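Heads up, coords.cif below (mmCIF, C-alpha atoms):
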```cif
data_data
loop_
_atom_site.label_atom_id
_atom_site.label_comp_id
_atom_site.auth_asym_id
_atom_site.auth_seq_id
_atom_site.Cartn_x
_atom_site.Cartn_y
_atom_site.Cartn_z
CA MET S 1 0.00 0.00 0.00
CA GLU S 2 2.77 2.47 0.88
CA ASN S 3 4.61 1.75 -2.35
CA ALA S 4 1.44 2.16 -4.38
CA LYS S 5 0.69 5.56 -2.88
CA ASN S 6 4.20 7.03 -2.94
CA ALA S 7 5.77 5.53 -6.05
CA CYS S 8 7.44 8.87 -6.90
CA PRO S 9 10.99 9.66 -7.95
CA HIS S 10 13.18 10.99 -5.17
CA ASP S 11 15.42 12.93 -7.53
CA ALA S 12 15.23 16.72 -7.38
CA SER S 13 15.52 16.80 -11.16
CA SER S 14 12.08 15.19 -11.36
CA PRO S 15 9.89 17.50 -9.27
CA ARG S 16 6.65 16.37 -10.80
CA CYS S 17 5.07 13.13 -9.82
CA VAL S 18 1.88 11.52 -11.05
CA ALA S 19 -0.13 10.07 -8.19
CA GLN S 20 -0.33 6.30 -8.39
CA PRO S 21 -3.70 4.53 -8.08
CA LEU S 22 -4.66 3.19 -4.69
CA LEU S 23 -4.82 -0.60 -5.19
CA LEU S 24 -6.91 -2.98 -3.16
CA PRO S 25 -5.06 -5.83 -1.44
CA PRO S 26 -4.74 -9.06 -3.41
CA THR S 27 -6.77 -10.86 -0.72
CA PHE S 28 -9.83 -8.70 -1.39
CA LYS S 29 -12.93 -10.79 -2.08
CA PRO S 30 -16.42 -9.64 -3.13
CA ALA S 31 -17.98 -11.46 -0.21
CA ARG S 32 -16.04 -9.24 2.18
CA SER S 33 -16.77 -5.99 0.35
CA LEU S 34 -19.00 -4.71 3.16
CA LEU S 35 -15.91 -4.39 5.35
CA TRP S 36 -14.60 -1.71 2.99
CA ILE S 37 -17.73 0.47 3.03
CA PRO S 38 -16.66 2.64 6.03
CA ALA S 39 -13.22 3.20 4.47
CA ALA S 40 -14.53 3.92 0.98
CA ALA S 41 -15.71 7.37 1.99
CA PHE S 42 -12.13 8.36 2.82
CA LEU S 43 -10.40 6.93 -0.28
CA PRO S 44 -10.79 10.05 -2.47
CA GLY S 45 -8.90 12.18 0.07
CA CYS S 46 -6.31 9.78 1.51
CA ALA S 47 -4.01 9.40 -1.53
CA GLY S 48 -1.99 12.59 -1.50
CA GLY S 49 -4.36 14.45 0.81
CA VAL S 50 -4.76 15.36 4.46
CA LEU S 51 -5.46 11.72 5.40
CA ASP S 52 -2.08 10.68 4.00
CA PRO S 53 0.30 12.89 6.05
CA GLN S 54 4.02 12.86 5.39
CA GLY S 55 5.19 15.02 8.29
CA PRO S 56 4.60 15.64 12.02
CA ILE S 57 2.28 18.62 11.50
CA GLY S 58 0.19 16.76 8.91
CA ALA S 59 -0.02 13.75 11.24
CA GLY S 60 -1.21 15.99 14.08
CA ASN S 61 -3.85 17.55 11.85
CA ARG S 62 -5.13 14.14 10.82
CA THR S 63 -5.32 13.01 14.45
CA ILE S 64 -7.44 16.03 15.38
CA LEU S 65 -9.68 15.48 12.36
CA LEU S 66 -10.32 11.81 13.16
CA ASN S 67 -10.79 12.49 16.88
CA SER S 68 -13.34 15.21 16.10
CA LEU S 69 -15.15 12.82 13.77
CA ALA S 70 -15.25 10.15 16.50
CA VAL S 71 -16.66 12.61 19.05
CA MET S 72 -19.42 13.68 16.66
CA LEU S 73 -20.23 10.09 15.70
CA VAL S 74 -20.82 9.34 19.39
CA ILE S 75 -23.86 11.62 19.03
CA VAL S 76 -24.90 10.88 15.47
CA ILE S 77 -24.95 7.08 15.67
CA PRO S 78 -27.04 6.78 18.89
CA THR S 79 -29.39 9.46 17.58
CA LEU S 80 -30.01 7.53 14.36
CA ILE S 81 -30.53 4.31 16.31
CA ALA S 82 -32.96 6.04 18.70
CA LEU S 83 -34.83 7.54 15.75
CA LEU S 84 -35.40 4.12 14.21
CA ALA S 85 -36.28 2.58 17.59
CA PHE S 86 -38.85 5.28 18.42
CA ALA S 87 -40.37 5.10 14.96
CA TRP S 88 -40.76 1.34 15.33
CA LYS S 89 -42.06 1.37 18.88
CA PHE S 90 -44.63 4.14 18.36
CA ARG S 91 -45.87 3.06 14.95
CA ALA S 92 -49.61 3.26 14.39
CA SER S 93 -50.06 -0.51 14.34
CA ASN S 94 -48.45 -1.02 17.78
CA SER S 95 -51.39 -1.17 20.18
CA ASN S 96 -49.05 -1.76 23.14
CA ALA S 97 -47.31 1.60 22.80
CA ARG S 98 -48.10 4.02 25.60
CA TYR S 99 -50.22 6.97 24.51
CA ASP S 100 -49.91 10.00 26.81
CA PRO S 101 -51.14 13.23 25.15
CA GLU S 102 -50.83 15.14 28.46
CA PHE S 103 -47.08 14.52 28.79
CA ASN S 104 -45.10 17.78 28.89
CA TYR S 105 -41.93 17.36 31.01
CA SER S 106 -39.34 14.78 32.07
CA GLY S 107 -36.28 15.64 34.13
CA ARG S 108 -34.34 12.65 32.84
CA ILE S 109 -35.04 13.57 29.21
CA GLU S 110 -34.01 17.17 29.85
CA LEU S 111 -30.76 15.95 31.45
CA ILE S 112 -29.94 13.77 28.46
CA VAL S 113 -30.90 16.43 25.91
CA TRP S 114 -28.64 19.06 27.50
CA ALA S 115 -25.82 16.89 28.91
CA ILE S 116 -24.84 15.23 25.63
CA PRO S 117 -24.34 18.48 23.62
CA THR S 118 -22.52 20.02 26.60
CA LEU S 119 -20.09 17.09 26.80
CA THR S 120 -19.60 17.24 23.04
CA ILE S 121 -18.70 20.92 23.20
CA LEU S 122 -16.24 20.22 26.02
CA PHE S 123 -14.58 17.38 24.11
CA LEU S 124 -14.36 19.38 20.87
CA GLY S 125 -13.12 22.40 22.83
CA GLY S 126 -10.31 20.29 24.24
CA LEU S 127 -9.33 19.11 20.77
CA ILE S 128 -9.39 22.70 19.50
CA TYR S 129 -7.16 23.80 22.39
CA TYR S 130 -4.72 21.01 21.64
CA GLY S 131 -4.58 21.95 17.99
CA SER S 132 -4.28 25.68 18.63
CA TYR S 133 -1.42 25.24 21.11
CA HIS S 134 0.56 22.23 19.94
CA LEU S 135 0.10 22.83 16.20
CA ASP S 136 0.53 26.61 16.23
CA PRO S 137 1.98 27.49 12.78
CA ARG S 138 4.55 29.77 14.47
CA LYS S 139 5.72 27.09 16.90
CA PRO S 140 9.07 25.57 15.84
CA ILE S 141 9.26 21.83 15.29
CA ALA S 142 11.42 20.05 17.85
CA SER S 143 14.37 18.54 16.02
CA ALA S 144 18.12 18.01 16.34
CA GLN S 145 18.45 19.54 12.87
CA PRO S 146 18.50 23.35 12.54
CA PRO S 147 15.55 24.68 10.51
CA LEU S 148 15.89 25.68 6.89
CA ASP S 149 14.63 29.21 6.14
CA ILE S 150 12.48 29.66 3.04
CA GLN S 151 10.73 32.90 2.04
CA VAL S 152 7.48 32.63 0.12
CA VAL S 153 5.79 35.31 -1.99
CA ALA S 154 2.32 34.76 -3.47
CA LEU S 155 2.10 36.44 -6.88
CA ASP S 156 -0.64 36.58 -9.53
CA TRP S 157 -0.83 33.58 -10.23
CA LYS S 158 2.34 31.82 -9.19
CA TRP S 159 4.50 31.15 -6.13
CA LEU S 160 7.99 32.53 -5.59
CA PHE S 161 10.30 30.65 -3.20
CA LEU S 162 13.50 32.28 -1.95
CA TYR S 163 16.31 30.54 -0.07
CA PRO S 164 18.11 33.38 1.77
CA GLU S 165 20.91 31.24 3.20
CA GLN S 166 21.70 29.71 -0.18
CA GLY S 167 21.02 32.91 -2.18
CA VAL S 168 18.84 31.14 -4.78
CA GLY S 169 15.15 31.10 -5.71
CA ALA S 170 12.53 29.22 -7.70
CA VAL S 171 9.06 29.76 -9.14
CA ASN S 172 6.33 27.12 -8.73
CA GLN S 173 8.91 24.61 -7.48
CA LEU S 174 9.73 24.00 -3.83
CA VAL S 175 12.61 21.67 -2.96
CA ILE S 176 13.24 20.83 0.71
CA PRO S 177 15.48 18.35 2.55
CA ALA S 178 13.62 15.41 4.09
CA GLY S 179 13.77 15.11 7.87
CA VAL S 180 14.73 18.77 8.31
CA PRO S 181 12.29 21.35 9.78
CA VAL S 182 11.45 24.19 7.41
CA ARG S 183 10.69 27.69 8.69
CA PHE S 184 8.60 29.51 6.12
CA LYS S 185 8.22 33.28 6.13
CA LEU S 186 5.32 34.20 3.88
CA THR S 187 3.73 37.26 2.34
CA SER S 188 1.64 38.24 -0.67
CA ALA S 189 2.63 40.68 -3.38
CA SER S 190 -0.98 41.17 -4.38
CA VAL S 191 -4.35 40.03 -3.00
CA MET S 192 -4.85 37.78 0.03
CA ASN S 193 -3.96 34.17 -0.68
CA THR S 194 -3.45 30.82 1.07
CA PHE S 195 -0.40 28.55 1.14
CA PHE S 196 -1.28 24.88 1.57
CA VAL S 197 0.57 21.57 1.18
CA PRO S 198 -2.10 19.04 2.28
CA GLN S 199 0.29 16.18 3.10
CA LEU S 200 2.65 18.32 5.17
CA GLY S 201 0.21 20.23 7.32
CA SER S 202 -1.32 23.52 8.29
CA MET S 203 -2.79 25.97 5.80
CA VAL S 204 -1.87 29.62 6.36
CA TYR S 205 -3.17 32.88 4.89
CA VAL S 206 -0.83 35.50 3.44
CA MET S 207 -1.56 39.21 2.93
CA ASN S 208 0.15 42.08 1.17
CA GLY S 209 2.26 44.25 3.46
CA MET S 210 2.24 41.60 6.20
CA GLN S 211 4.48 38.67 7.09
CA THR S 212 3.42 35.39 8.66
CA GLU S 213 5.33 32.28 9.68
CA LEU S 214 4.79 28.56 9.24
CA HIS S 215 6.81 25.51 10.32
CA LEU S 216 6.53 22.25 8.36
CA GLN S 217 8.59 19.12 7.83
CA ALA S 218 8.61 16.21 5.38
CA ASP S 219 9.57 12.99 7.13
CA ARG S 220 10.57 11.14 3.98
CA GLU S 221 11.64 11.78 0.42
CA GLY S 222 8.92 12.15 -2.17
CA SER S 223 6.91 14.53 -4.31
CA TYR S 224 3.92 16.36 -2.84
CA PHE S 225 1.25 18.70 -4.18
CA GLY S 226 1.05 22.33 -3.09
CA GLN S 227 -1.69 24.78 -3.93
CA SER S 228 -3.39 28.10 -3.43
CA ALA S 229 -6.54 27.43 -1.41
CA HIS S 230 -8.09 30.91 -1.62
CA PHE S 231 -9.71 32.39 -4.74
CA SER S 232 -7.51 35.19 -6.04
CA GLY S 233 -8.64 35.81 -9.58
CA ASP S 234 -8.63 34.40 -13.08
CA GLY S 235 -5.55 32.20 -12.71
CA PHE S 236 -6.39 30.80 -9.28
CA SER S 237 -7.24 27.28 -10.50
CA ASP S 238 -3.72 26.83 -11.94
CA MET S 239 -1.83 28.41 -9.04
CA ASN S 240 -0.26 25.13 -7.94
CA PHE S 241 3.32 24.08 -7.24
CA SER S 242 5.32 20.91 -6.69
CA VAL S 243 7.08 20.12 -3.41
CA THR S 244 10.02 17.75 -3.72
CA ALA S 245 11.58 16.37 -0.54
CA VAL S 246 15.09 15.03 -1.16
CA SER S 247 18.01 13.93 0.97
CA PRO S 248 20.10 16.70 2.57
CA ASP S 249 23.00 15.90 0.21
CA ALA S 250 20.72 16.07 -2.83
CA PHE S 251 19.36 19.39 -1.59
CA THR S 252 22.89 20.79 -1.34
CA ARG S 253 23.65 19.62 -4.88
CA TRP S 254 20.41 21.18 -6.14
CA THR S 255 21.17 24.61 -4.67
CA SER S 256 24.73 24.40 -6.02
CA SER S 257 23.43 23.59 -9.51
CA LEU S 258 21.17 26.67 -9.37
CA ARG S 259 24.05 28.94 -8.43
CA GLY S 260 25.99 27.57 -11.38
CA GLY S 261 23.37 28.09 -14.06
CA GLY S 262 20.34 30.09 -12.90
CA GLY S 263 19.34 33.64 -13.73
CA VAL S 264 19.41 36.72 -11.53
CA LEU S 265 16.39 37.91 -9.54
CA ASN S 266 16.79 41.59 -8.72
CA ALA S 267 14.26 44.40 -8.36
CA ASP S 268 13.77 44.80 -12.13
CA ALA S 269 13.39 41.05 -12.71
CA TYR S 270 10.96 40.87 -9.80
CA ARG S 271 8.75 43.60 -11.29
CA GLU S 272 8.60 41.65 -14.53
CA LEU S 273 7.83 38.43 -12.65
CA ALA S 274 5.06 40.15 -10.66
CA ARG S 275 3.03 40.78 -13.82
CA GLN S 276 -0.17 38.75 -13.92
CA SER S 277 0.35 35.44 -15.74
CA THR S 278 -1.11 31.94 -15.68
CA ASN S 279 0.35 28.44 -16.11
CA LEU S 280 3.91 29.67 -15.62
CA PRO S 281 6.30 26.68 -15.84
CA PRO S 282 8.78 26.10 -13.00
CA ALA S 283 11.81 28.38 -13.18
CA SER S 284 14.86 29.04 -11.01
CA PHE S 285 17.28 31.82 -10.14
CA GLY S 286 20.94 31.29 -9.32
CA HIS S 287 21.28 34.63 -7.56
CA VAL S 288 18.65 36.53 -5.56
CA GLN S 289 19.18 40.12 -4.55
CA PRO S 290 19.60 40.27 -0.74
CA GLY S 291 16.67 41.87 1.08
CA LEU S 292 14.22 41.25 -1.78
CA PHE S 293 11.65 39.55 0.46
CA GLU S 294 11.82 42.34 3.05
CA ALA S 295 11.33 44.90 0.26
CA VAL S 296 8.15 43.10 -0.80
CA VAL S 297 6.82 42.97 2.79
CA GLN S 298 7.62 46.63 3.45
CA GLN S 299 6.19 47.55 0.01
CA THR S 300 9.44 49.17 -1.06
CA LEU S 301 8.79 47.14 -4.16
CA PRO S 302 5.26 48.12 -5.23
CA PRO S 303 2.48 45.53 -4.86
CA GLY S 304 1.24 43.61 -7.88
CA PRO S 305 -1.74 44.85 -9.88
CA GLY S 306 -4.32 42.82 -7.99
CA PRO S 307 -7.95 43.90 -8.38
CA ALA S 308 -8.55 46.93 -10.58
CA GLU S 309 -11.70 49.00 -10.65
CA SER S 310 -13.86 48.32 -13.68
CA THR S 311 -14.67 51.22 -15.97
CA GLY S 312 -18.23 49.97 -16.20
CA SER S 313 -20.10 48.59 -13.20
CA GLY S 314 -17.45 49.52 -10.64
CA GLU S 315 -16.99 45.90 -9.57
CA PRO S 316 -13.37 44.92 -8.82
CA GLN S 317 -11.62 43.02 -11.59
CA VAL S 318 -8.88 40.46 -10.99
CA SER S 319 -8.95 38.81 -14.40
CA PRO S 320 -6.64 39.82 -17.27
CA LYS S 321 -9.52 38.93 -19.58
CA ALA S 322 -11.77 41.43 -17.83
CA LEU S 323 -9.04 44.08 -17.93
CA ARG S 324 -8.54 43.56 -21.66
CA ALA S 325 -12.29 43.76 -22.23
CA ALA S 326 -12.47 47.01 -20.25
CA ALA S 327 -9.53 48.43 -22.23
CA MET S 328 -11.18 47.52 -25.52
CA ALA S 329 -14.46 49.10 -24.42
CA HIS S 330 -12.61 52.26 -23.42
CA HIS S 331 -10.82 52.31 -26.79
CA GLN S 332 -14.11 51.89 -28.66
CA GLN S 333 -15.67 54.70 -26.66
CA ALA S 334 -12.70 56.94 -27.50
CA GLU S 335 -13.04 56.15 -31.21
CA GLY S 336 -16.79 56.82 -31.07
CA GLY S 337 -16.17 60.20 -29.47
CA GLU S 338 -13.87 61.17 -32.31
#
```
Entire entry expressed as C-alpha cells:
Amino acid sequence: MENAKNACPHDASSPRCVAQPLLLPPTFKPARSLLWIPAAAFLPGCAGGVLDPQGPIGAGNRTILLNSLAVMLVIVIPTLIALLAFAWKFRASNSNARYDPEFNYSGRIELIVWAIPTLTILFLGGLIYYGSYHLDPRKPIASAQPPLDIQVVALDWKWLFLYPEQGVGAVNQLVIPAGVPVRFKLTSASVMNTFFVPQLGSMVYVMNGMQTELHLQADREGSYFGQSAHFSGDGFSDMNFSVTAVSPDAFTRWTSSLRGGGGVLNADAYRELARQSTNLPPASFGHVQPGLFEAVVQQTLPPGPGPAESTGSGEPQVSPKALRAAAMAHHQQAEGGE
C-alpha cells in the first residue's frame, strides 16, 4: 500500500510526480466488500491528501480530524438508532405503545438532551485547544536539525520561493530536505492568498504588506502537491506548485546547480515576474538580490496589480480577460467620441 501511494521519484531533477492509483489488497474478495464500506468514503482524500500525512504537522492535523469525527459520531450514531427505535415502537399498528397526550416534562429527558451536547462541546473544545497550542503554525518543530529558512511570496498567479541562506530562488517549485524542519516566512505581493501543502500540514493565509510564519517538515523523500486554497482571480485554479523532498545531500547539490546556471532575480526582474500570468512553468534563479523579500513585505517594491476597478459597473476586476475587455471598451468609446 505504501509503495502504491508514494511511487514517486526521489530525484530533485524530477519534481513532478503523477499520483499512483490506490490498489486494493490481493486478498480482497467480493464477499467481504461490506468491510470496505466505512473506508470507501475516505479513499478520495487519503491518496496525496490530508489523510495521507508525510510530516509531524500533517499527522497531528489528521489526528485532530479523526478524533473530532469520532466525538461527533458518538452523538450521530445513537441518535439515528434512537430515531429508528422510536419510529418502530410508536408506529400506528403497535397497540401496546403508551399513549400520553398530556405529557409535557421529564427531568431525565431534559438531562440527556442538554448533557450530551454540553459534553460534546467540552470534548471538541479540548481538541481545538490542543490543535491551537501544539500545532501553532509559528511554533518551531522540535528537532536536532537546525531549521531551513524559506521565504514565500504569493504572486498573480504563481508562487515565488526564496532561499536566503543559499542565495537562490525558484518559481512554482519547492525543494526541501527530508527530515529537516522548514521555517517559512510568507507574504503576498498582491491580494490575500493561502499557502497549503495538504500532506505536510497547516494551511496559512498571506496578505500584502504583512508577514506570517509557518513551520513544516517532510519525514521522507517524495513529491507532494502544493496549492493556493483561496480564490484570487482568473488564474487561481492553476496556481499550484510541486514540493520535492530530497536527501540533505541532494538538496545541497540542487542549490549548487542553481548557483551555477540560474538567472538573476533583482528588483527589475521581480517587477517583470510580478506581472499577472497563468500556467507559468517552474523556473529558477541562481542569484537573488539580498533583502528582496523584506522589500516586498515593506512595500518598497510596489504591490502587484491585484484587483482593478472596472470602468463599467465599478466591480473589482482580478482577471486579465476582464481588464482587456475594459480596455477595448474604453478604446471603442474613445473612437466613437472622435
Proximity check region 51-70 of chain S to region 200-223 of chain S, 8 Å, nearest pairs one decimal Å, all atoms listed in the file, as JSON lines:
```
{"residue": "S:Pro53", "atom": "CA", "partner": "S:Leu200", "partner_atom": "CA", "distance": 6.0}
{"residue": "S:Gln54", "atom": "CA", "partner": "S:Leu200", "partner_atom": "CA", "distance": 5.6}
{"residue": "S:Gly55", "atom": "CA", "partner": "S:Ala218", "partner_atom": "CA", "distance": 4.6}
{"residue": "S:Pro56", "atom": "CA", "partner": "S:Gln217", "partner_atom": "CA", "distance": 6.8}
{"residue": "S:Ile57", "atom": "CA", "partner": "S:Gly201", "partner_atom": "CA", "distance": 4.9}
{"residue": "S:Gly58", "atom": "CA", "partner": "S:Gly201", "partner_atom": "CA", "distance": 3.8}
{"residue": "S:Ala59", "atom": "CA", "partner": "S:Gly201", "partner_atom": "CA", "distance": 7.6}
{"residue": "S:Asn61", "atom": "CA", "partner": "S:Gly201", "partner_atom": "CA", "distance": 6.6}
```
Skipping near chain neighbours, those fewer than 3 positions away, what residues fall within 8 Å of Ala229 (chain S) using all atoms listed in the file, listed as a short mmCIF file (atom, residue, chain, number, x, y, z; two decimals) with C-alpha atoms, in the coordinates of the input?
```
data_model
loop_
_atom_site.label_atom_id
_atom_site.label_comp_id
_atom_site.auth_asym_id
_atom_site.auth_seq_id
_atom_site.Cartn_x
_atom_site.Cartn_y
_atom_site.Cartn_z
CA ASN S 193 -3.96 34.17 -0.68
CA THR S 194 -3.45 30.82 1.07
CA PHE S 195 -0.40 28.55 1.14
CA PHE S 196 -1.28 24.88 1.57
#
```
Could you expand the PyMOL selection byres ((chain S and resi 255) around 12) into the explicit residues it covers here, written as a PyMOL selection string?
chain S and resi 12-13+162-170+174-177+246+248-254+256-262+284-287
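Of the residues listed (S:Phe241, S:Gln276, S:Ser190, S:Pro198), S:Ser190 shows the shortest atom-to-atom separation from Gly304 (chain S); distances use all atoms listed in the file.
Using all atoms listed in the file, the nearest neighbour of Thr118 (chain S) within the list S:Ala82, S:Leu265, S:Met239, S:Ile75 is S:Ile75.
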Run the PyMOL selection byres ((chain S and resi 72) around 12) mentally over the shown coordinates, then write out the matched residues as a VMD selection string, using the chain letters and numbers from the document.
chain S and resid 65 to 71 73 to 79 116 to 117 119 to 124
File dump, residues just selected, C-alpha atoms, as a CSV table (one decimal), in the coordinates of the input:
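Resulting contents of selection.csv:
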```csv
chain,number,residue,atom,x,y,z
S,65,LEU,CA,-9.7,15.5,12.4
S,66,LEU,CA,-10.3,11.8,13.2
S,67,ASN,CA,-10.8,12.5,16.9
S,68,SER,CA,-13.3,15.2,16.1
S,69,LEU,CA,-15.2,12.8,13.8
S,70,ALA,CA,-15.2,10.2,16.5
S,71,VAL,CA,-16.7,12.6,19.0
S,73,LEU,CA,-20.2,10.1,15.7
S,74,VAL,CA,-20.8,9.3,19.4
S,75,ILE,CA,-23.9,11.6,19.0
S,76,VAL,CA,-24.9,10.9,15.5
S,77,ILE,CA,-25.0,7.1,15.7
S,78,PRO,CA,-27.0,6.8,18.9
S,79,THR,CA,-29.4,9.5,17.6
S,116,ILE,CA,-24.8,15.2,25.6
S,117,PRO,CA,-24.3,18.5,23.6
S,119,LEU,CA,-20.1,17.1,26.8
S,120,THR,CA,-19.6,17.2,23.0
S,121,ILE,CA,-18.7,20.9,23.2
S,122,LEU,CA,-16.2,20.2,26.0
S,123,PHE,CA,-14.6,17.4,24.1
S,124,LEU,CA,-14.4,19.4,20.9
```
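With distances taken over all atoms listed in the file, S:Ile64 is the one residue among S:Pro140, S:Ile64, S:Trp159, S:Arg91 lying closest to Gly125 (chain S).
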